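Shown below: structure-v4.tsv, with TSV, C-alpha atoms (C1' of nucleotides).
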chain	number	residue	atom	x	y	z
A	293	MET	CA	118.51	155.17	118.77
A	294	SER	CA	121.57	155.70	120.66
A	295	GLU	CA	123.58	158.12	122.54
A	296	LEU	CA	127.05	156.75	122.51
A	297	GLU	CA	127.57	159.05	125.39
A	298	PRO	CA	126.45	157.31	128.56
A	299	SER	CA	122.91	158.57	128.75
A	300	ARG	CA	123.01	161.38	131.17
A	301	ARG	CA	119.95	162.92	129.64
A	302	PRO	CA	116.35	162.11	130.55
A	303	ALA	CA	116.04	159.30	128.06
A	304	GLU	CA	114.35	160.86	125.12
A	305	LEU	CA	111.60	159.38	123.14
A	306	GLN	CA	113.91	156.99	121.39
A	307	ARG	CA	111.35	156.33	118.71
A	308	ARG	CA	113.25	157.85	115.90
A	309	GLU	CA	111.19	157.04	112.87
A	310	ALA	CA	113.77	158.40	110.50
A	311	ARG	CA	115.63	155.18	110.95
A	312	ASP	CA	116.31	155.11	107.27
A	313	ALA	CA	118.31	158.29	107.42
A	314	ASP	CA	121.61	158.25	105.70
A	315	LEU	CA	124.72	160.26	106.26
A	316	VAL	CA	125.47	160.82	102.66
A	317	ALA	CA	123.08	160.74	99.78
A	318	GLY	CA	119.54	161.37	100.79
A	319	PHE	CA	120.30	164.97	100.21
A	320	ASP	CA	117.90	165.19	97.36
A	321	ARG	CA	115.33	162.55	98.04
A	322	GLY	CA	111.97	164.21	98.41
A	323	ALA	CA	109.43	163.26	101.04
A	324	ALA	CA	106.45	161.80	99.34
A	325	GLY	CA	106.02	164.82	97.18
A	326	ARG	CA	105.76	167.41	99.90
A	327	GLU	CA	107.64	170.62	99.37
A	328	VAL	CA	107.14	172.53	102.58
A	329	PHE	CA	106.83	171.42	106.18
A	330	THR	CA	105.78	172.98	109.44
A	331	ILE	CA	107.72	172.55	112.60
A	332	ARG	CA	105.14	170.06	113.77
A	333	ASP	CA	105.57	167.99	110.65
A	334	LEU	CA	109.25	167.64	111.29
A	335	THR	CA	108.94	166.88	114.98
A	336	LYS	CA	106.63	164.02	114.10
A	337	GLU	CA	108.64	162.73	111.23
A	338	PHE	CA	111.97	162.80	113.02
A	339	GLY	CA	110.90	162.34	116.60
A	340	VAL	CA	112.57	165.48	117.88
A	341	SER	CA	111.01	168.32	119.85
A	342	ALA	CA	110.13	171.69	118.42
A	343	ARG	CA	112.57	173.14	120.89
A	344	THR	CA	115.26	171.05	119.30
A	345	LEU	CA	114.48	172.37	115.85
A	346	ARG	CA	114.61	175.96	117.05
A	347	PHE	CA	117.81	175.16	118.84
A	348	TYR	CA	119.35	173.79	115.69
A	349	GLU	CA	118.30	176.92	113.87
A	350	GLU	CA	119.85	179.04	116.58
A	351	LYS	CA	123.05	177.10	116.05
A	352	GLY	CA	123.02	177.67	112.35
A	353	LEU	CA	122.17	174.12	111.39
A	354	LEU	CA	118.82	174.96	109.87
A	355	ALA	CA	117.49	178.12	108.28
A	356	PRO	CA	113.80	177.77	107.46
A	357	ARG	CA	111.95	180.54	105.68
A	358	ARG	CA	109.28	182.43	107.50
A	359	ASN	CA	105.64	183.06	106.99
A	360	GLY	CA	105.37	185.88	109.46
A	361	GLU	CA	106.40	184.20	112.68
A	362	GLN	CA	105.86	180.71	111.51
A	363	ARG	CA	108.74	178.61	110.32
A	364	LEU	CA	108.49	176.90	106.98
A	365	TYR	CA	110.96	174.13	106.31
A	366	GLY	CA	111.79	173.13	102.78
A	367	ARG	CA	113.30	169.94	101.44
A	368	ARG	CA	116.73	171.37	101.93
A	369	ASP	CA	116.10	171.91	105.64
A	370	ARG	CA	114.69	168.46	105.88
A	371	ALA	CA	117.76	166.96	104.30
A	372	ARG	CA	120.01	168.97	106.57
A	373	LEU	CA	118.06	167.85	109.59
A	374	ARG	CA	118.44	164.27	108.51
A	375	TYR	CA	122.15	164.83	108.20
A	376	VAL	CA	122.35	166.44	111.62
A	377	LEU	CA	120.55	163.56	113.28
A	378	MET	CA	122.68	160.95	111.61
A	379	GLY	CA	125.79	162.90	112.48
A	380	LYS	CA	124.77	163.01	116.13
A	381	CYS	CA	123.98	159.36	115.93
A	382	VAL	CA	127.52	158.44	115.02
A	383	GLY	CA	128.96	160.75	117.61
A	384	PHE	CA	129.64	164.05	115.92
A	385	SER	CA	128.92	167.15	117.94
A	386	LEU	CA	126.50	169.67	116.52
A	387	GLU	CA	129.43	171.95	115.97
A	388	GLU	CA	131.21	169.37	113.85
A	389	VAL	CA	128.06	168.76	111.87
A	390	ARG	CA	127.69	172.45	111.30
A	391	GLU	CA	131.19	172.69	109.93
A	392	MET	CA	130.46	169.96	107.46
A	393	LEU	CA	127.22	171.54	106.39
A	394	ASP	CA	128.91	174.88	105.95
A	395	LEU	CA	131.46	173.25	103.71
A	396	TYR	CA	128.66	171.76	101.75
A	397	ASP	CA	127.17	175.20	101.30
A	398	LEU	CA	130.38	176.65	99.99
A	399	GLY	CA	129.89	173.91	97.45
A	400	ASP	CA	133.02	174.35	95.39
A	401	GLY	CA	131.71	171.78	93.06
A	402	GLN	CA	131.48	169.37	95.96
A	403	ARG	CA	134.81	167.77	95.47
A	404	THR	CA	136.87	169.10	98.36
A	405	GLN	CA	133.72	169.12	100.42
A	406	LEU	CA	133.35	165.41	99.92
A	407	GLN	CA	136.98	164.87	100.67
A	408	VAL	CA	136.79	166.79	103.91
A	409	ALA	CA	133.70	164.89	104.96
A	410	LEU	CA	135.42	161.65	104.14
A	411	ALA	CA	138.41	162.60	106.26
A	412	LYS	CA	136.15	163.53	109.14
A	413	PHE	CA	134.26	160.31	108.91
A	414	GLN	CA	137.40	158.27	109.00
A	415	GLU	CA	138.84	160.28	111.83
A	416	ARG	CA	135.65	159.87	113.77
A	417	ALA	CA	135.69	156.15	113.12
A	418	ALA	CA	139.21	156.00	114.48
A	419	ARG	CA	138.14	157.86	117.62
A	420	LEU	CA	135.30	155.44	118.06
A	421	GLU	CA	137.62	152.51	117.77
A	422	ARG	CA	139.85	153.92	120.45
A	423	GLN	CA	136.81	154.40	122.63
A	424	ARG	CA	135.83	150.84	122.05
A	425	ALA	CA	139.26	149.66	123.06
A	426	GLU	CA	138.93	151.57	126.31
A	427	ILE	CA	135.57	150.08	126.95
A	428	ASP	CA	136.96	146.65	126.36
A	429	ARG	CA	139.66	147.34	128.86
A	430	ALA	CA	137.13	148.58	131.39
A	431	ILE	CA	134.98	145.53	130.89
A	432	ALA	CA	137.94	143.28	131.41
A	433	GLU	CA	138.87	145.13	134.55
A	434	LEU	CA	135.35	144.84	135.88
A	435	ALA	CA	135.28	141.16	135.12
A	436	ARG	CA	138.55	140.65	136.93
A	437	ALA	CA	137.35	142.63	139.93
A	438	SER	CA	134.12	140.66	139.96
A	439	LEU	CA	136.03	137.44	140.12
A	440	GLU	CA	138.08	138.72	143.01
A	441	ILE	CA	134.98	139.70	144.88
A	442	GLN	CA	133.42	136.35	144.29
A	443	ALA	CA	136.52	134.75	145.63
A	444	MET	CA	136.33	136.90	148.73
A	445	LEU	CA	132.69	135.99	149.20
A	446	ALA	CA	133.58	132.36	148.90
A	447	THR	CA	136.25	132.66	151.54
A	448	ARG	CA	134.01	134.48	153.99
A	449	PRO	CA	130.97	132.22	153.57
A	450	LYS	CA	128.61	133.61	156.15
A	451	ASP	CA	130.73	135.94	158.15
A	452	GLU	CA	130.55	135.35	161.87
A	453	GLU	CA	127.75	132.96	162.34
B	115	MET	CA	143.69	156.92	132.62
B	116	SER	CA	141.15	157.23	129.96
B	117	GLU	CA	137.90	158.85	129.60
B	118	LEU	CA	135.47	156.46	128.06
B	119	GLU	CA	133.50	159.59	127.54
B	120	PRO	CA	134.62	161.26	124.31
B	121	SER	CA	137.20	163.64	125.67
B	122	ARG	CA	135.48	166.95	125.89
B	123	ARG	CA	137.80	168.10	128.59
B	124	PRO	CA	141.15	169.82	128.07
B	125	ALA	CA	143.10	166.59	127.89
B	126	GLU	CA	144.50	166.14	131.34
B	127	LEU	CA	147.93	165.03	132.17
B	128	GLN	CA	147.17	161.45	131.32
B	129	ARG	CA	150.23	160.27	133.19
B	130	ARG	CA	148.47	158.42	135.90
B	131	GLU	CA	151.19	156.62	137.74
B	132	ALA	CA	148.80	154.62	139.82
B	133	ARG	CA	148.58	152.20	136.97
B	134	ASP	CA	148.73	149.35	139.43
B	135	ALA	CA	145.55	150.42	141.14
B	136	ASP	CA	142.99	147.78	141.79
B	137	LEU	CA	139.27	147.99	142.15
B	138	VAL	CA	139.03	145.54	144.97
B	139	ALA	CA	141.75	144.51	147.34
B	140	GLY	CA	144.45	147.10	147.63
B	141	PHE	CA	142.36	148.47	150.41
B	142	ASP	CA	144.97	147.70	153.01
B	143	ARG	CA	148.21	147.73	151.13
B	144	GLY	CA	150.44	150.39	152.63
B	145	ALA	CA	152.59	152.71	150.57
B	146	ALA	CA	156.19	151.97	151.30
B	147	GLY	CA	155.72	152.43	154.98
B	148	ARG	CA	154.30	155.91	154.93
B	149	GLU	CA	151.41	156.59	157.22
B	150	VAL	CA	150.42	160.13	156.45
B	151	PHE	CA	150.39	162.13	153.24
B	152	THR	CA	150.01	165.75	152.26
B	153	ILE	CA	147.83	166.87	149.44
B	154	ARG	CA	150.92	167.35	147.32
B	155	ASP	CA	152.03	163.81	147.94
B	156	LEU	CA	148.79	162.46	146.62
B	157	THR	CA	148.63	164.73	143.60
B	158	LYS	CA	152.04	163.48	142.58
B	159	GLU	CA	151.39	159.87	143.31
B	160	PHE	CA	148.05	159.71	141.53
B	161	GLY	CA	148.46	162.40	138.95
B	162	VAL	CA	145.40	164.38	139.98
B	163	SER	CA	145.20	168.04	140.90
B	164	ALA	CA	144.88	169.39	144.40
B	165	ARG	CA	141.62	170.89	143.31
B	166	THR	CA	140.40	167.44	142.48
B	167	LEU	CA	141.25	166.12	145.91
B	168	ARG	CA	139.42	168.98	147.59
B	169	PHE	CA	136.53	168.39	145.23
B	170	TYR	CA	136.37	164.74	146.19
B	171	GLU	CA	136.37	165.74	149.82
B	172	GLU	CA	133.56	168.17	149.19
B	173	LYS	CA	131.63	165.32	147.62
B	174	GLY	CA	132.18	163.08	150.59
B	175	LEU	CA	134.59	160.73	148.90
B	176	LEU	CA	137.54	161.59	151.12
B	177	ALA	CA	137.74	162.87	154.67
B	178	PRO	CA	141.32	163.70	155.61
B	179	ARG	CA	142.20	164.85	159.09
B	180	ARG	CA	143.42	168.36	159.63
B	181	ASN	CA	146.46	169.94	161.04
B	182	GLY	CA	145.06	173.41	161.35
B	183	GLU	CA	144.16	174.23	157.78
B	184	GLN	CA	146.35	171.63	156.23
B	185	ARG	CA	144.91	168.34	155.08
B	186	LEU	CA	146.51	165.15	156.24
B	187	TYR	CA	145.60	162.02	154.36
B	188	GLY	CA	146.00	158.63	155.95
B	189	ARG	CA	146.26	155.20	154.36
B	190	ARG	CA	142.53	154.90	154.43
B	191	ASP	CA	142.10	158.06	152.37
B	192	ARG	CA	144.74	156.86	150.03
B	193	ALA	CA	142.97	153.57	149.51
B	194	ARG	CA	139.67	155.34	148.99
B	195	LEU	CA	141.25	157.62	146.44
B	196	ARG	CA	142.62	154.67	144.60
B	197	TYR	CA	139.18	153.16	144.56
B	198	VAL	CA	137.63	156.39	143.30
B	199	LEU	CA	140.08	156.66	140.45
B	200	MET	CA	139.63	153.09	139.39
B	201	GLY	CA	135.89	153.48	139.62
B	202	LYS	CA	136.03	156.50	137.35
B	203	CYS	CA	138.31	154.61	135.07
B	204	VAL	CA	135.72	151.93	134.42
B	205	GLY	CA	132.98	154.46	134.00
B	206	PHE	CA	131.31	154.88	137.35
B	207	SER	CA	130.22	158.39	138.26
B	208	LEU	CA	131.61	159.88	141.45
B	209	GLU	CA	128.16	159.54	142.92
B	210	GLU	CA	128.11	155.83	142.25
B	211	VAL	CA	131.54	155.44	143.73
B	212	ARG	CA	130.44	157.33	146.81
B	213	GLU	CA	127.52	155.00	147.29
B	214	MET	CA	129.81	152.03	147.21
B	215	LEU	CA	132.23	153.59	149.62
B	216	ASP	CA	129.41	154.48	151.97
B	217	LEU	CA	128.31	150.88	151.94
B	218	TYR	CA	131.81	149.87	152.74
B	219	ASP	CA	131.78	152.17	155.73
B	220	LEU	CA	128.60	150.71	157.08
B	221	GLY	CA	130.67	147.58	156.95
B	222	ASP	CA	128.15	145.07	158.16
B	223	GLY	CA	130.86	142.50	158.14
B	224	GLN	CA	131.46	143.27	154.49
B	225	ARG	CA	129.25	140.61	153.12
B	226	THR	CA	126.32	142.54	151.71
B	227	GLN	CA	128.71	145.29	150.82
B	228	LEU	CA	130.64	142.94	148.62
B	229	GLN	CA	127.48	141.62	147.10
B	230	VAL	CA	126.24	145.07	146.26
B	231	ALA	CA	129.55	146.00	144.73
B	232	LEU	CA	129.51	142.83	142.71
B	233	ALA	CA	126.06	143.61	141.40
B	234	LYS	CA	127.11	147.12	140.48
B	235	PHE	CA	130.17	145.90	138.69
B	236	GLN	CA	128.19	143.47	136.63
B	237	GLU	CA	125.53	146.02	135.85
B	238	ARG	CA	128.18	148.47	134.79
B	239	ALA	CA	129.79	145.86	132.60
B	240	ALA	CA	126.45	145.28	130.94
B	241	ARG	CA	126.05	149.00	130.31
B	242	LEU	CA	129.49	149.10	128.79
B	243	GLU	CA	128.67	146.26	126.50
B	244	ARG	CA	125.60	148.04	125.27
B	245	GLN	CA	127.70	151.11	124.67
B	246	ARG	CA	130.15	149.06	122.75
B	247	ALA	CA	127.39	147.69	120.58
B	248	GLU	CA	126.29	151.20	119.75
B	249	ILE	CA	129.79	152.19	118.91
B	250	ASP	CA	130.11	149.23	116.62
B	251	ARG	CA	126.96	150.26	114.88
B	252	ALA	CA	128.24	153.81	114.50
B	253	ILE	CA	131.52	152.59	113.12
B	254	ALA	CA	129.72	150.43	110.61
B	255	GLU	CA	127.54	153.35	109.57
B	256	LEU	CA	130.57	155.56	109.12
B	257	ALA	CA	132.31	152.93	107.09
B	258	ARG	CA	129.29	152.58	104.86
B	259	ALA	CA	129.01	156.33	104.42
B	260	SER	CA	132.71	156.54	103.64
B	261	LEU	CA	132.31	154.01	100.90
B	262	GLU	CA	129.44	155.96	99.43
B	263	ILE	CA	131.47	159.11	99.44
B	264	GLN	CA	134.38	157.39	97.79
B	265	ALA	CA	132.04	156.14	95.14
B	266	MET	CA	130.78	159.66	94.56
B	267	LEU	CA	134.32	160.93	94.31
B	268	ALA	CA	135.12	158.25	91.80
B	269	THR	CA	132.14	159.21	89.66
B	270	ARG	CA	132.99	162.91	89.69
B	271	PRO	CA	136.71	162.55	88.98
B	272	LYS	CA	137.83	166.15	88.62
B	273	ASP	CA	134.62	168.06	88.48
B	274	GLU	CA	134.42	170.41	85.53
B	275	GLU	CA	137.86	170.56	84.11
C	133	DA	C1'	161.66	192.79	155.60
C	134	DT	C1'	160.73	190.71	151.21
C	135	DC	C1'	160.26	187.11	148.07
C	136	DC	C1'	158.48	182.77	147.10
C	137	DC	C1'	155.96	178.68	147.50
C	138	DC	C1'	152.39	175.90	149.24
C	139	DC	C1'	148.25	175.83	151.50
C	140	DT	C1'	143.43	177.45	152.26
C	141	DT	C1'	138.40	179.06	151.07
C	142	DT	C1'	134.75	180.83	148.13
C	143	DA	C1'	132.58	181.04	144.12
C	144	DC	C1'	131.91	181.59	139.25
C	145	DG	C1'	133.18	179.43	134.54
C	146	DT	C1'	133.23	175.56	131.20
C	147	DT	C1'	130.92	172.18	127.90
C	148	DT	C1'	126.76	169.97	125.31
C	149	DA	C1'	122.14	169.64	124.03
C	150	DC	C1'	118.47	170.72	124.86
C	151	DG	C1'	114.10	171.08	128.86
C	152	DT	C1'	111.04	174.11	130.83
C	153	DA	C1'	108.65	178.11	132.29
C	154	DA	C1'	106.71	182.60	131.31
C	155	DA	C1'	104.29	185.52	128.57
C	156	DC	C1'	102.34	186.67	124.11
C	157	DT	C1'	100.18	186.31	119.28
C	158	DG	C1'	97.04	184.44	115.82
C	159	DG	C1'	93.66	181.46	113.94
C	160	DT	C1'	89.59	178.29	114.58
C	161	DG	C1'	85.49	175.90	116.18
C	162	DA	C1'	81.43	176.06	119.25
D	107	DT	C1'	83.11	185.80	122.47
D	108	DC	C1'	85.52	182.38	124.82
D	109	DA	C1'	88.28	178.58	125.02
D	110	DC	C1'	91.89	176.24	122.94
D	111	DC	C1'	95.59	174.93	120.17
D	112	DA	C1'	99.87	175.80	117.89
D	113	DG	C1'	103.22	178.79	117.31
D	114	DT	C1'	106.73	182.44	118.91
D	115	DT	C1'	110.57	184.71	121.90
D	116	DT	C1'	113.50	185.20	125.91
D	117	DA	C1'	115.96	183.34	129.27
D	118	DC	C1'	117.14	180.46	133.12
D	119	DG	C1'	117.99	175.38	134.55
D	120	DT	C1'	120.44	170.80	134.20
D	121	DA	C1'	124.19	167.29	134.57
D	122	DA	C1'	129.57	166.05	135.56
D	123	DA	C1'	133.85	167.01	137.03
D	124	DC	C1'	136.58	169.78	137.86
D	125	DG	C1'	139.41	174.60	136.11
D	126	DT	C1'	140.47	178.98	137.40
D	127	DA	C1'	140.53	183.34	139.50
D	128	DA	C1'	140.52	186.07	143.67
D	129	DA	C1'	142.21	186.90	148.10
D	130	DG	C1'	144.66	185.65	151.97
D	131	DG	C1'	147.59	182.74	155.70
D	132	DG	C1'	152.06	180.58	157.21
D	133	DG	C1'	156.71	179.44	156.99
D	134	DG	C1'	161.43	179.19	155.10
D	135	DA	C1'	165.30	181.26	152.65
D	136	DT	C1'	167.79	185.36	151.52
Rewrite the structure of this file - the entire thing - as structure tokens.
Amino acid sequence: MSELEPSRRPAELQRREARDADLVAGFDRGAAGREVFTIRDLTKEFGVSARTLRFYEEKGLLAPRRNGEQRLYGRRDRARLRYVLMGKCVGFSLEEVREMLDLYDLGDGQRTQLQVALAKFQERAARLERQRAEIDRAIAELARASLEIQAMLATRPKDEE
Amino acid sequence: MSELEPSRRPAELQRREARDADLVAGFDRGAAGREVFTIRDLTKEFGVSARTLRFYEEKGLLAPRRNGEQRLYGRRDRARLRYVLMGKCVGFSLEEVREMLDLYDLGDGQRTQLQVALAKFQERAARLERQRAEIDRAIAELARASLEIQAMLATRPKDEE
DNA sequence: ATCCCCCTTTACGTTTACGTAAACTGGTGA
DNA sequence: TCACCAGTTTACGTAAACGTAAAGGGGGAT
């Protein structure tokens, strides 16, 4: 689901099965008992590529343990991934998501962390509303221009014929 | 003005004086009598950088005459620039704008050109509406998450104290 | 002559979120 | 043993729309 940003990317798989993801909460909900997941497990469950998961790790969003070379993701990683995807979904950049996750890790009892997240959410919502206003304006402009064009077409019915 | 796209760029001057620009029409309206403009004239009038104008030229959007090395823009270039900026403003890419302008140049009597433009405008409007729907969804999700967080904050009033 | 300003060209840098290719390792079934 | 699959790392490629730096030309004012 979604891009928000006018899809300039290939067009991904779009079948994001983790539709039930949730920005808050969900941080502790297990996944049908499982405790550890391979990279393949997560790609299937969340509909993202393995490359994406490694990329997120590279960016400090995930930090799976290792079994030699192989990555092993725990419930914590899974929850973080869910958070990342939902964050993206509502328009946060990975960097913004990382900041929030880092705050969560500091975990000063979770109070200021929650407050910061709340502020960010509201700020983001405000940004989105401004975006929507711009889009409305653009749509109106396009509609107006369309009418003008139609009028011109009506005036010049078949050109010179 | 505007971005539509979540401003990831520096934040431009924003003071776009060509507020009266128009997507259609305006193609022949002169500018207070002037017939020829320097690059500086246009940067001031439209609030874009000289670099931008050269960039547009490089992309085939403008084609000013030359006086030696100096660029001389005519009314036609001015009108095209206006069209480019308005196109951007409603979310067309420069490439899309160029296609429309090219069609205009073919000028087969302007009829099919107008029809194509009309179709593009409507298509674009449809895209924008889809975007708006996504934004609405994101806003709703953020609002929901915010409520959850507030609930959590209410439950954990002052942490351990 | 020197400063200063505007103009020019060429070309690399920026941002985001990965895709994709190359080359390699390790385990498994036939 | 060979093929094959899944995993790994490194590193370059992509898209959009310019910004910015480097290096130089031309002309006017002082």
Residue list for chain A near chain C as a PyMOL selection string, 8 Å, all atoms listed in the file: chain A and resi 343-344+347
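Atom to atom, atom CA of B:Asp191 and atom CA of B:Ser163 stand 15.5 Å apart.
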Taking only C-alpha atoms (C1' of nucleotides) into account, what are the residues of chain D at most 9 Å from chain B, put as a PDB file with C-alpha atoms (C1' of nucleotides), in the frame of the given file?
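Once everything was written out, this is iface.pdb:
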ATOM      1  C1'  DA D 122     129.570 166.050 135.560  1.00  0.00           C
ATOM      2  C1'  DA D 123     133.850 167.010 137.030  1.00  0.00           C
ATOM      3  C1'  DC D 124     136.580 169.780 137.860  1.00  0.00           C
ATOM      4  C1'  DG D 125     139.410 174.600 136.110  1.00  0.00           C
TER       5       DG D 125
END
How big is the axis-aligned box around the listed atoms of stretch 139-157 of chain C once 4 Å is added on each side, and where is its centre? Give both in Å to one decimal, as JSON.
{"center_x": 124.2, "center_y": 178.2, "center_z": 135.8, "size_x": 56.1, "size_y": 25.0, "size_z": 41.0}
Kindly indicate which residue among A:Ile331, A:Ile427, A:Val376, A:Val408 lies nearest to chain B, using all atoms listed in the file for the distances.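 The closest residue to chain B is A:Ile427.
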Using Å and a single decimal, report how far atom CA of A:Val382 sits from atom CA of B:Ala252.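 It comes out at 4.7 Å.
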Which distance in Å separates atom CA of B:Leu175 and atom CA of B:Arg190, to one decimal?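 Taking atom CA of B:Leu175 as the start and atom CA of B:Arg190 as the end point, the length is 11.3 Å.
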If we count all atoms listed in the file, what is near A:Lys412 at a cut-off of 12 Å, once residues fewer than 4 positions away on the same chain are taken out, given as a list in words?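 Using all atoms listed in the file, the neighbours found are Gly379, Val382, Gly383, Phe384, Ser385, Glu388, Val389, Glu391, Met392, Gln405, Leu406, Gln407, Val408, Arg416, Ala417, Ala418 and Arg419 of chain A; Leu256, Ala257, Ala259, Ser260 and Ile263 of chain B.
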